[in-house]
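The next block is my_file-v5.tsv, given as TSV, N, CA, C and O atoms.
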chain	number	residue	atom	x	y	z
A	1	ASP	N	-1.34	9.09	10.64
A	1	ASP	CA	-2.06	8.28	9.65
A	1	ASP	C	-1.12	7.43	8.82
A	1	ASP	O	-1.54	6.44	8.24
A	2	SER	N	0.15	7.81	8.73
A	2	SER	CA	1.05	7.06	7.87
A	2	SER	C	1.71	5.87	8.59
A	2	SER	O	2.38	5.09	7.95
A	3	ILE	N	1.49	5.73	9.90
A	3	ILE	CA	2.07	4.59	10.61
A	3	ILE	C	1.27	3.33	10.30
A	3	ILE	O	0.06	3.28	10.50
A	4	ILE	N	1.97	2.31	9.79
A	4	ILE	CA	1.34	1.03	9.48
A	4	ILE	C	1.46	0.11	10.69
A	4	ILE	O	0.49	-0.52	11.11
A	5	ALA	N	2.67	0.03	11.25
A	5	ALA	CA	2.92	-0.85	12.39
A	5	ALA	C	4.21	-0.45	13.08
A	5	ALA	O	5.04	0.24	12.51
A	6	ILE	N	4.34	-0.94	14.31
A	6	ILE	CA	5.58	-0.77	15.06
A	6	ILE	C	6.03	-2.17	15.45
A	6	ILE	O	5.27	-2.94	16.04
A	7	GLU	N	7.27	-2.48	15.10
A	7	GLU	CA	7.83	-3.81	15.33
A	7	GLU	C	9.01	-3.70	16.28
A	7	GLU	O	9.93	-2.92	16.05
A	8	ALA	N	8.99	-4.49	17.34
A	8	ALA	CA	10.10	-4.50	18.30
A	8	ALA	C	11.12	-5.57	17.92
A	8	ALA	O	10.75	-6.66	17.51
A	9	GLN	N	12.39	-5.19	18.05
A	9	GLN	CA	13.48	-6.13	17.86
A	9	GLN	C	14.59	-5.75	18.82
A	9	GLN	O	15.20	-4.69	18.67
A	10	GLU	N	14.80	-6.61	19.81
A	10	GLU	CA	15.77	-6.37	20.87
A	10	GLU	C	15.49	-5.02	21.54
A	10	GLU	O	14.39	-4.80	22.01
A	11	SER	N	16.45	-4.11	21.59
A	11	SER	CA	16.22	-2.85	22.30
A	11	SER	C	15.79	-1.71	21.37
A	11	SER	O	15.82	-0.55	21.74
A	12	TYR	N	15.39	-2.04	20.15
A	12	TYR	CA	14.94	-1.04	19.18
A	12	TYR	C	13.53	-1.34	18.71
A	12	TYR	O	13.05	-2.47	18.82
A	13	CYS	N	12.90	-0.32	18.17
A	13	CYS	CA	11.62	-0.50	17.49
A	13	CYS	C	11.74	0.05	16.08
A	13	CYS	O	12.42	1.06	15.86
A	14	PHE	N	11.10	-0.63	15.17
A	14	PHE	CA	11.02	-0.16	13.79
A	14	PHE	C	9.60	0.36	13.58
A	14	PHE	O	8.64	-0.37	13.79
A	15	ILE	N	9.51	1.62	13.19
A	15	ILE	CA	8.20	2.21	12.88
A	15	ILE	C	8.04	2.14	11.37
A	15	ILE	O	8.74	2.82	10.63
A	16	HIS	N	7.14	1.26	10.95
A	16	HIS	CA	6.86	1.09	9.52
A	16	HIS	C	5.80	2.11	9.12
A	16	HIS	O	4.72	2.12	9.71
A	17	THR	N	6.11	2.97	8.17
A	17	THR	CA	5.15	3.95	7.69
A	17	THR	C	4.90	3.70	6.20
A	17	THR	O	5.57	2.88	5.58
A	18	THR	N	3.97	4.44	5.65
A	18	THR	CA	3.68	4.29	4.22
A	18	THR	C	4.84	4.79	3.38
A	18	THR	O	4.98	4.41	2.23
A	19	GLU	N	5.71	5.62	3.95
A	19	GLU	CA	6.85	6.17	3.20
A	19	GLU	C	8.13	5.36	3.39
A	19	GLU	O	8.83	5.06	2.44
A	20	LYS	N	8.47	5.04	4.66
A	20	LYS	CA	9.73	4.33	4.92
A	20	LYS	C	9.71	3.72	6.31
A	20	LYS	O	8.71	3.79	7.02
A	21	LYS	N	10.84	3.11	6.70
A	21	LYS	CA	10.96	2.48	8.01
A	21	LYS	C	11.91	3.31	8.87
A	21	LYS	O	13.02	3.62	8.45
A	22	HIS	N	11.46	3.67	10.08
A	22	HIS	CA	12.28	4.44	11.02
A	22	HIS	C	12.73	3.52	12.15
A	22	HIS	O	11.97	2.68	12.60
A	23	THR	N	13.95	3.71	12.63
A	23	THR	CA	14.46	2.95	13.76
A	23	THR	C	14.58	3.89	14.96
A	23	THR	O	15.14	4.97	14.83
A	24	VAL	N	14.03	3.46	16.09
A	24	VAL	CA	14.10	4.27	17.31
A	24	VAL	C	14.53	3.39	18.48
A	24	VAL	O	14.26	2.20	18.50
A	25	SER	N	15.19	4.00	19.45
A	25	SER	CA	15.66	3.24	20.61
A	25	SER	C	14.67	3.36	21.77
A	25	SER	O	15.01	3.80	22.87
A	26	LYS	N	13.44	2.98	21.51
A	26	LYS	CA	12.38	2.94	22.52
A	26	LYS	C	11.80	1.54	22.49
A	26	LYS	O	11.80	0.88	21.45
A	27	ASN	N	11.26	1.08	23.62
A	27	ASN	CA	10.64	-0.24	23.61
A	27	ASN	C	9.16	-0.14	23.22
A	27	ASN	O	8.59	0.94	23.16
A	28	LEU	N	8.56	-1.28	22.94
A	28	LEU	CA	7.18	-1.30	22.46
A	28	LEU	C	6.20	-0.80	23.52
A	28	LEU	O	5.19	-0.20	23.19
A	29	LYS	N	6.52	-1.03	24.78
A	29	LYS	CA	5.66	-0.56	25.88
A	29	LYS	C	5.53	0.96	25.84
A	29	LYS	O	4.46	1.50	26.13
A	30	HIS	N	6.58	1.66	25.45
A	30	HIS	CA	6.54	3.12	25.31
A	30	HIS	C	5.44	3.53	24.34
A	30	HIS	O	4.64	4.41	24.62
A	31	PHE	N	5.40	2.87	23.18
A	31	PHE	CA	4.39	3.20	22.17
A	31	PHE	C	3.00	2.73	22.57
A	31	PHE	O	2.02	3.39	22.30
A	32	GLU	N	2.94	1.60	23.25
A	32	GLU	CA	1.65	1.10	23.74
A	32	GLU	C	1.03	2.12	24.70
A	32	GLU	O	-0.17	2.38	24.67
A	33	THR	N	1.86	2.72	25.54
A	33	THR	CA	1.39	3.75	26.47
A	33	THR	C	0.90	4.98	25.71
A	33	THR	O	-0.16	5.52	26.02
A	34	ILE	N	1.66	5.40	24.70
A	34	ILE	CA	1.27	6.56	23.90
A	34	ILE	C	-0.08	6.33	23.20
A	34	ILE	O	-0.93	7.21	23.14
A	35	PHE	N	-0.27	5.11	22.70
A	35	PHE	CA	-1.49	4.79	21.95
A	35	PHE	C	-2.63	4.25	22.82
A	35	PHE	O	-3.65	3.83	22.30
A	36	SER	N	-2.46	4.24	24.14
A	36	SER	CA	-3.46	3.63	25.02
A	36	SER	C	-4.85	4.28	24.90
A	36	SER	O	-5.86	3.61	25.08
A	37	GLU	N	-4.90	5.54	24.57
A	37	GLU	CA	-6.18	6.24	24.41
A	37	GLU	C	-6.68	6.20	22.97
A	37	GLU	O	-7.73	6.74	22.66
A	38	ASN	N	-5.90	5.59	22.10
A	38	ASN	CA	-6.20	5.60	20.67
A	38	ASN	C	-6.57	4.19	20.23
A	38	ASN	O	-5.72	3.32	20.15
A	39	ASP	N	-7.86	3.97	19.92
A	39	ASP	CA	-8.28	2.62	19.54
A	39	ASP	C	-7.99	2.29	18.08
A	39	ASP	O	-8.44	1.27	17.56
A	40	SER	N	-7.22	3.13	17.41
A	40	SER	CA	-6.81	2.86	16.03
A	40	SER	C	-5.63	1.90	15.96
A	40	SER	O	-5.30	1.40	14.89
A	41	PHE	N	-4.97	1.66	17.09
A	41	PHE	CA	-3.80	0.79	17.14
A	41	PHE	C	-4.06	-0.38	18.07
A	41	PHE	O	-4.69	-0.23	19.11
A	42	LEU	N	-3.54	-1.55	17.69
A	42	LEU	CA	-3.74	-2.76	18.48
A	42	LEU	C	-2.40	-3.43	18.78
A	42	LEU	O	-1.58	-3.59	17.87
A	43	ARG	N	-2.21	-3.83	20.02
A	43	ARG	CA	-1.05	-4.66	20.37
A	43	ARG	C	-1.46	-6.09	20.05
A	43	ARG	O	-2.36	-6.64	20.67
A	44	VAL	N	-0.81	-6.69	19.06
A	44	VAL	CA	-1.23	-8.00	18.58
A	44	VAL	C	-0.23	-9.11	18.92
A	44	VAL	O	-0.51	-10.30	18.72
A	45	HIS	N	0.93	-8.72	19.43
A	45	HIS	CA	2.00	-9.68	19.70
A	45	HIS	C	3.01	-8.98	20.60
A	45	HIS	O	3.02	-7.75	20.67
A	46	LYS	N	3.87	-9.74	21.25
A	46	LYS	CA	4.88	-9.10	22.10
A	46	LYS	C	5.81	-8.21	21.29
A	46	LYS	O	6.45	-7.32	21.83
A	47	SER	N	5.85	-8.43	19.98
A	47	SER	CA	6.73	-7.64	19.10
A	47	SER	C	6.02	-6.71	18.13
A	47	SER	O	6.68	-6.08	17.32
A	48	TRP	N	4.68	-6.64	18.19
A	48	TRP	CA	3.96	-5.87	17.16
A	48	TRP	C	2.80	-5.04	17.72
A	48	TRP	O	2.01	-5.54	18.53
A	49	ILE	N	2.72	-3.80	17.24
A	49	ILE	CA	1.53	-2.96	17.36
A	49	ILE	C	1.15	-2.61	15.92
A	49	ILE	O	2.01	-2.20	15.14
A	50	VAL	N	-0.12	-2.79	15.57
A	50	VAL	CA	-0.54	-2.50	14.19
A	50	VAL	C	-1.65	-1.46	14.16
A	50	VAL	O	-2.42	-1.33	15.11
A	51	ALA	N	-1.70	-0.72	13.06
A	51	ALA	CA	-2.78	0.26	12.84
A	51	ALA	C	-3.95	-0.47	12.19
A	51	ALA	O	-3.79	-1.14	11.17
A	52	LYS	N	-5.12	-0.38	12.81
A	52	LYS	CA	-6.30	-1.10	12.30
A	52	LYS	C	-6.61	-0.75	10.85
A	52	LYS	O	-6.97	-1.62	10.07
A	53	ARG	N	-6.43	0.51	10.49
A	53	ARG	CA	-6.81	0.93	9.13
A	53	ARG	C	-5.89	0.36	8.05
A	53	ARG	O	-6.20	0.38	6.87
A	54	HIS	N	-4.74	-0.18	8.45
A	54	HIS	CA	-3.80	-0.74	7.48
A	54	HIS	C	-3.86	-2.27	7.39
A	54	HIS	O	-3.06	-2.88	6.70
A	55	ILE	N	-4.81	-2.87	8.11
A	55	ILE	CA	-4.97	-4.33	8.04
A	55	ILE	C	-5.64	-4.68	6.71
A	55	ILE	O	-6.72	-4.20	6.40
A	56	GLN	N	-4.96	-5.52	5.93
A	56	GLN	CA	-5.48	-5.95	4.63
A	56	GLN	C	-6.13	-7.32	4.71
A	56	GLN	O	-7.14	-7.57	4.08
A	57	ASN	N	-5.49	-8.22	5.47
A	57	ASN	CA	-5.95	-9.60	5.55
A	57	ASN	C	-5.44	-10.21	6.84
A	57	ASN	O	-4.51	-9.70	7.45
A	58	TYR	N	-6.05	-11.33	7.22
A	58	TYR	CA	-5.67	-11.99	8.47
A	58	TYR	C	-5.82	-13.50	8.29
A	58	TYR	O	-6.83	-13.97	7.80
A	59	SER	N	-4.79	-14.24	8.63
A	59	SER	CA	-4.82	-15.70	8.52
A	59	SER	C	-4.98	-16.31	9.90
A	59	SER	O	-4.07	-16.22	10.74
A	60	LYS	N	-6.13	-16.93	10.14
A	60	LYS	CA	-6.38	-17.59	11.42
A	60	LYS	C	-5.45	-18.77	11.62
A	60	LYS	O	-4.98	-19.04	12.72
A	61	SER	N	-5.18	-19.50	10.54
A	61	SER	CA	-4.35	-20.71	10.67
A	61	SER	C	-2.87	-20.37	10.91
A	61	SER	O	-2.20	-21.02	11.71
A	62	ASP	N	-2.36	-19.36	10.22
A	62	ASP	CA	-0.95	-18.98	10.38
A	62	ASP	C	-0.72	-17.96	11.49
A	62	ASP	O	0.43	-17.69	11.84
A	63	LEU	N	-1.80	-17.36	11.98
A	63	LEU	CA	-1.72	-16.27	12.96
A	63	LEU	C	-0.83	-15.15	12.44
A	63	LEU	O	0.09	-14.68	13.11
A	64	THR	N	-1.09	-14.72	11.20
A	64	THR	CA	-0.37	-13.59	10.61
A	64	THR	C	-1.39	-12.55	10.14
A	64	THR	O	-2.52	-12.87	9.80
A	65	ILE	N	-0.92	-11.32	10.12
A	65	ILE	CA	-1.75	-10.19	9.69
A	65	ILE	C	-1.03	-9.53	8.52
A	65	ILE	O	0.12	-9.10	8.67
A	66	LEU	N	-1.69	-9.45	7.39
A	66	LEU	CA	-1.12	-8.77	6.22
A	66	LEU	C	-1.51	-7.31	6.29
A	66	LEU	O	-2.69	-6.98	6.44
A	67	LEU	N	-0.50	-6.45	6.19
A	67	LEU	CA	-0.70	-5.01	6.31
A	67	LEU	C	-0.37	-4.32	4.99
A	67	LEU	O	0.21	-4.92	4.09
A	68	THR	N	-0.73	-3.05	4.90
A	68	THR	CA	-0.41	-2.22	3.74
A	68	THR	C	1.07	-2.37	3.39
A	68	THR	O	1.92	-2.43	4.27
A	69	GLY	N	1.36	-2.42	2.11
A	69	GLY	CA	2.75	-2.52	1.65
A	69	GLY	C	3.32	-3.92	1.71
A	69	GLY	O	4.52	-4.11	1.58
A	70	GLY	N	2.47	-4.92	1.96
A	70	GLY	CA	2.93	-6.30	2.01
A	70	GLY	C	3.62	-6.70	3.30
A	70	GLY	O	4.22	-7.76	3.40
A	71	LEU	N	3.53	-5.87	4.32
A	71	LEU	CA	4.14	-6.14	5.61
A	71	LEU	C	3.34	-7.22	6.34
A	71	LEU	O	2.11	-7.16	6.38
A	72	ASN	N	4.02	-8.21	6.89
A	72	ASN	CA	3.37	-9.29	7.64
A	72	ASN	C	3.71	-9.18	9.11
A	72	ASN	O	4.89	-9.21	9.47
A	73	ALA	N	2.69	-9.07	9.95
A	73	ALA	CA	2.87	-9.02	11.40
A	73	ALA	C	2.39	-10.34	12.00
A	73	ALA	O	1.48	-10.97	11.46
A	74	ARG	N	3.00	-10.73	13.09
A	74	ARG	CA	2.56	-11.95	13.77
A	74	ARG	C	1.46	-11.61	14.77
A	74	ARG	O	1.43	-10.52	15.34
A	75	LEU	N	0.57	-12.57	14.96
A	75	LEU	CA	-0.50	-12.44	15.94
A	75	LEU	C	-0.29	-13.49	17.01
A	75	LEU	O	-0.15	-14.68	16.71
A	76	SER	N	-0.25	-13.06	18.26
A	76	SER	CA	-0.10	-13.99	19.37
A	76	SER	C	-1.39	-14.76	19.57
A	76	SER	O	-2.49	-14.20	19.48
A	77	LYS	N	-1.27	-16.06	19.88
A	77	LYS	CA	-2.47	-16.85	20.14
A	77	LYS	C	-3.21	-16.31	21.36
A	77	LYS	O	-4.42	-16.48	21.48
A	78	TYR	N	-2.50	-15.63	22.25
A	78	TYR	CA	-3.12	-15.05	23.44
A	78	TYR	C	-3.86	-13.76	23.15
A	78	TYR	O	-4.70	-13.33	23.93
A	79	LYS	N	-3.54	-13.13	22.02
A	79	LYS	CA	-4.20	-11.87	21.64
A	79	LYS	C	-5.25	-12.08	20.56
A	79	LYS	O	-5.92	-11.14	20.15
A	80	LYS	N	-5.41	-13.32	20.09
A	80	LYS	CA	-6.29	-13.61	18.95
A	80	LYS	C	-7.74	-13.18	19.20
A	80	LYS	O	-8.33	-12.49	18.37
A	81	ALA	N	-8.32	-13.56	20.33
A	81	ALA	CA	-9.72	-13.23	20.62
A	81	ALA	C	-9.92	-11.72	20.70
A	81	ALA	O	-10.87	-11.18	20.13
A	82	GLU	N	-9.00	-11.05	21.38
A	82	GLU	CA	-9.06	-9.58	21.51
A	82	GLU	C	-8.94	-8.91	20.14
A	82	GLU	O	-9.65	-7.96	19.83
A	83	PHE	N	-8.04	-9.43	19.30
A	83	PHE	CA	-7.83	-8.90	17.95
A	83	PHE	C	-9.10	-9.07	17.11
A	83	PHE	O	-9.57	-8.12	16.47
A	84	GLU	N	-9.66	-10.27	17.11
A	84	GLU	CA	-10.86	-10.53	16.31
A	84	GLU	C	-12.02	-9.65	16.76
A	84	GLU	O	-12.76	-9.13	15.94
A	85	GLU	N	-12.17	-9.46	18.05
A	85	GLU	CA	-13.22	-8.59	18.58
A	85	GLU	C	-13.02	-7.15	18.12
A	85	GLU	O	-13.96	-6.48	17.72
A	86	ALA	N	-11.77	-6.68	18.14
A	86	ALA	CA	-11.45	-5.30	17.76
A	86	ALA	C	-11.69	-5.05	16.27
A	86	ALA	O	-12.18	-3.98	15.90
A	87	ILE	N	-11.34	-6.00	15.41
A	87	ILE	CA	-11.50	-5.74	13.98
A	87	ILE	C	-12.93	-5.94	13.50
A	87	ILE	O	-13.32	-5.42	12.47
A	88	LEU	N	-13.72	-6.67	14.27
A	88	LEU	CA	-15.12	-6.87	13.91
A	88	LEU	C	-16.01	-5.77	14.49
A	88	LEU	O	-17.16	-5.64	14.09
A	89	ALA	N	-15.46	-4.99	15.40
A	89	ALA	CA	-16.27	-3.93	16.06
A	89	ALA	C	-16.52	-2.77	15.11
A	89	ALA	O	-15.81	-2.51	14.19
Write-out of the structure in structure tokens:
Amino acid sequence: DSIIAIEAQESYCFIHTTEKKHTVSKNLKHFETIFSENDSFLRVHKSWIVAKRHIQNYSKSDLTILLTGGLNARLSKYKKAEFEEAILA
């Protein structure tokens, strides 16, 4: 419940939680596989997986997602329709 988002950067991922940021040497596909049965998380960009419950706001024009704690995630234009469908469901 405390995971806000997972951000990929090169060969590491940063797990942003409500408490702090953890660095792990796993790729984003690893976490996408773990969360594949869990509809609480969305892959929104090649570098981002976000927790639906931590979405605060979304900018269609900037393709950014504001998350808990002021964290900004990018939204891929290719994932936009899927993202909008998921958050409206």
*asked:* Taking 6 positions as the minimum chain separation for residues in the same chain, which residues sit within 12 Å of Thr23 (chain A) when counting only C-alpha atoms? Answer as a ChimeraX atom specification.
replied: /A:6-17
Nearby residues (only N, CA, C and O atoms) at most 7 Å from Ala51 (chain A), same-chain spacing under 3 positions excluded, as a PDB file with N, CA, C and O atoms, keeping the file's coordinate frame:
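Writing done, so here's result.pdb:
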ATOM      1  N   ILE A   3       1.490   5.730   9.900  1.00  0.00           N
ATOM      2  CA  ILE A   3       2.070   4.590  10.610  1.00  0.00           C
ATOM      3  C   ILE A   3       1.270   3.330  10.300  1.00  0.00           C
ATOM      4  O   ILE A   3       0.060   3.280  10.500  1.00  0.00           O
ATOM      5  N   ILE A   4       1.970   2.310   9.790  1.00  0.00           N
ATOM      6  CA  ILE A   4       1.340   1.030   9.480  1.00  0.00           C
ATOM      7  C   ILE A   4       1.460   0.110  10.690  1.00  0.00           C
ATOM      8  O   ILE A   4       0.490  -0.520  11.110  1.00  0.00           O
ATOM      9  N   ALA A   5       2.670   0.030  11.250  1.00  0.00           N
ATOM     10  CA  ALA A   5       2.920  -0.850  12.390  1.00  0.00           C
ATOM     11  C   ALA A   5       4.210  -0.450  13.080  1.00  0.00           C
ATOM     12  O   ALA A   5       5.040   0.240  12.510  1.00  0.00           O
ATOM     13  N   ILE A   6       4.340  -0.940  14.310  1.00  0.00           N
ATOM     14  CA  ILE A   6       5.580  -0.770  15.060  1.00  0.00           C
ATOM     15  C   ILE A   6       6.030  -2.170  15.450  1.00  0.00           C
ATOM     16  O   ILE A   6       5.270  -2.940  16.040  1.00  0.00           O
ATOM     17  N   SER A  40      -7.220   3.130  17.410  1.00  0.00           N
ATOM     18  CA  SER A  40      -6.810   2.860  16.030  1.00  0.00           C
ATOM     19  C   SER A  40      -5.630   1.900  15.960  1.00  0.00           C
ATOM     20  O   SER A  40      -5.300   1.400  14.890  1.00  0.00           O
ATOM     21  N   PHE A  41      -4.970   1.660  17.090  1.00  0.00           N
ATOM     22  CA  PHE A  41      -3.800   0.790  17.140  1.00  0.00           C
ATOM     23  C   PHE A  41      -4.060  -0.380  18.070  1.00  0.00           C
ATOM     24  O   PHE A  41      -4.690  -0.230  19.110  1.00  0.00           O
ATOM     25  N   LEU A  42      -3.540  -1.550  17.690  1.00  0.00           N
ATOM     26  CA  LEU A  42      -3.740  -2.760  18.480  1.00  0.00           C
ATOM     27  C   LEU A  42      -2.400  -3.430  18.780  1.00  0.00           C
ATOM     28  O   LEU A  42      -1.580  -3.590  17.870  1.00  0.00           O
ATOM     29  N   HIS A  54      -4.740  -0.180   8.450  1.00  0.00           N
ATOM     30  CA  HIS A  54      -3.800  -0.740   7.480  1.00  0.00           C
ATOM     31  C   HIS A  54      -3.860  -2.270   7.390  1.00  0.00           C
ATOM     32  O   HIS A  54      -3.060  -2.880   6.700  1.00  0.00           O
ATOM     33  N   ILE A  55      -4.810  -2.870   8.110  1.00  0.00           N
ATOM     34  CA  ILE A  55      -4.970  -4.330   8.040  1.00  0.00           C
ATOM     35  C   ILE A  55      -5.640  -4.680   6.710  1.00  0.00           C
ATOM     36  O   ILE A  55      -6.720  -4.200   6.400  1.00  0.00           O
ATOM     37  N   GLN A  56      -4.960  -5.520   5.930  1.00  0.00           N
ATOM     38  CA  GLN A  56      -5.480  -5.950   4.630  1.00  0.00           C
ATOM     39  C   GLN A  56      -6.130  -7.320   4.710  1.00  0.00           C
ATOM     40  O   GLN A  56      -7.140  -7.570   4.080  1.00  0.00           O
ATOM     41  N   LEU A  67      -0.500  -6.450   6.190  1.00  0.00           N
ATOM     42  CA  LEU A  67      -0.700  -5.010   6.310  1.00  0.00           C
ATOM     43  C   LEU A  67      -0.370  -4.320   4.990  1.00  0.00           C
ATOM     44  O   LEU A  67       0.210  -4.920   4.090  1.00  0.00           O
TER      45      LEU A  67
END
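Checking A:Ile49, A:Ala89, A:Ala73, A:Val44 one by one against His30 (chain A), counting only C-alpha atoms, you find the shortest gap at A:Ile49.
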*Find the residue from A:Lys20, A:Arg74, A:Lys60, A:Arg43 that sits nearest to Ala86 (chain A); use only C-alpha atoms when measuring.*
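Nearest to Ala86 (chain A): A:Arg43.
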*Two-atom distance - CA of Lys29 (chain A), atom N of Lys46 (chain A) (Å)*: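 Taking CA of Lys29 (chain A) as the start and atom N of Lys46 (chain A) as the end point, the length is 10.4 Å.
CA of Ile65 (chain A) lies 16.4 Å from CA of Thr18 (chain A).
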*Please run DSSP on the backbone and report, as a list in words, all residues within region 13-85 of chain A that come out as alpha helix (DSSP H).*
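Written out, the alpha helix (DSSP H) residues of region 13-85 of chain A are Leu28, Lys29, His30, Phe31, Glu32, Thr33, Ile34, Lys80, Ala81, Glu82, Phe83, Glu84 and Glu85 of chain A.
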_Given only N, CA, C and O atoms as the basis, pick out the residue of A:Ile34, A:Ser25, A:Ser76, A:Gly69 nearest to Trp48 (chain A)._
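Answer, going by the shortest atom-to-atom distance: A:Ser76.
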*asked:* What does the structure give for the distance between atom N of Gly70 (chain A) and atom O of Glu84 (chain A), in Å to one decimal?
replied: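 These atoms are spaced 21.1 Å apart.
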_Can you tell me, as a PyMOL selection string, which residues in chain A count as strand (DSSP E or B) by DSSP?_
chain A and resi 3-9+12-17+21-24+41-45+48-51+55-59+64-67+72-74
What would region 4-11 of chain A look like with all heavy atoms restored, written as an mmCIF file, in the frame of the given file?
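Saved the output as out-v8.cif:
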data_model
loop_
_atom_site.group_PDB
_atom_site.id
_atom_site.type_symbol
_atom_site.label_atom_id
_atom_site.label_comp_id
_atom_site.auth_asym_id
_atom_site.auth_seq_id
_atom_site.Cartn_x
_atom_site.Cartn_y
_atom_site.Cartn_z
ATOM 1 N N ILE A 4 1.970 2.310 9.790
ATOM 2 C CA ILE A 4 1.340 1.030 9.480
ATOM 3 C C ILE A 4 1.460 0.110 10.690
ATOM 4 O O ILE A 4 0.490 -0.520 11.110
ATOM 5 C CB ILE A 4 2.014 0.374 8.253
ATOM 6 C CG1 ILE A 4 1.838 1.259 7.023
ATOM 7 C CG2 ILE A 4 1.458 -1.033 8.015
ATOM 8 C CD1 ILE A 4 2.679 0.833 5.828
ATOM 9 N N ALA A 5 2.670 0.030 11.250
ATOM 10 C CA ALA A 5 2.920 -0.850 12.390
ATOM 11 C C ALA A 5 4.210 -0.450 13.080
ATOM 12 O O ALA A 5 5.040 0.240 12.510
ATOM 13 C CB ALA A 5 3.006 -2.301 11.924
ATOM 14 N N ILE A 6 4.340 -0.940 14.310
ATOM 15 C CA ILE A 6 5.580 -0.770 15.060
ATOM 16 C C ILE A 6 6.030 -2.170 15.450
ATOM 17 O O ILE A 6 5.270 -2.940 16.040
ATOM 18 C CB ILE A 6 5.383 0.124 16.294
ATOM 19 C CG1 ILE A 6 4.848 1.483 15.874
ATOM 20 C CG2 ILE A 6 6.693 0.261 17.068
ATOM 21 C CD1 ILE A 6 4.425 2.376 17.015
ATOM 22 N N GLU A 7 7.270 -2.480 15.100
ATOM 23 C CA GLU A 7 7.830 -3.810 15.330
ATOM 24 C C GLU A 7 9.010 -3.700 16.280
ATOM 25 O O GLU A 7 9.930 -2.920 16.050
ATOM 26 C CB GLU A 7 8.279 -4.388 13.993
ATOM 27 C CG GLU A 7 8.996 -5.699 14.076
ATOM 28 C CD GLU A 7 9.588 -6.141 12.749
ATOM 29 O OE1 GLU A 7 9.635 -5.323 11.797
ATOM 30 O OE2 GLU A 7 10.029 -7.291 12.675
ATOM 31 N N ALA A 8 8.990 -4.490 17.340
ATOM 32 C CA ALA A 8 10.100 -4.500 18.300
ATOM 33 C C ALA A 8 11.120 -5.570 17.920
ATOM 34 O O ALA A 8 10.750 -6.660 17.510
ATOM 35 C CB ALA A 8 9.567 -4.789 19.697
ATOM 36 N N GLN A 9 12.390 -5.190 18.050
ATOM 37 C CA GLN A 9 13.480 -6.130 17.860
ATOM 38 C C GLN A 9 14.590 -5.750 18.820
ATOM 39 O O GLN A 9 15.200 -4.690 18.670
ATOM 40 C CB GLN A 9 13.999 -6.090 16.413
ATOM 41 C CG GLN A 9 13.482 -7.214 15.574
ATOM 42 C CD GLN A 9 14.077 -7.191 14.179
ATOM 43 O OE1 GLN A 9 15.153 -6.646 13.953
ATOM 44 N NE2 GLN A 9 13.363 -7.773 13.246
ATOM 45 N N GLU A 10 14.800 -6.610 19.810
ATOM 46 C CA GLU A 10 15.770 -6.370 20.870
ATOM 47 C C GLU A 10 15.490 -5.020 21.540
ATOM 48 O O GLU A 10 14.390 -4.800 22.010
ATOM 49 C CB GLU A 10 17.188 -6.504 20.329
ATOM 50 C CG GLU A 10 17.465 -7.918 19.841
ATOM 51 C CD GLU A 10 18.797 -8.078 19.158
ATOM 52 O OE1 GLU A 10 19.642 -7.164 19.240
ATOM 53 O OE2 GLU A 10 18.997 -9.125 18.538
ATOM 54 N N SER A 11 16.450 -4.110 21.590
ATOM 55 C CA SER A 11 16.220 -2.850 22.300
ATOM 56 C C SER A 11 15.790 -1.710 21.370
ATOM 57 O O SER A 11 15.820 -0.550 21.740
ATOM 58 C CB SER A 11 17.469 -2.453 23.081
ATOM 59 O OG SER A 11 18.566 -2.327 22.212
#
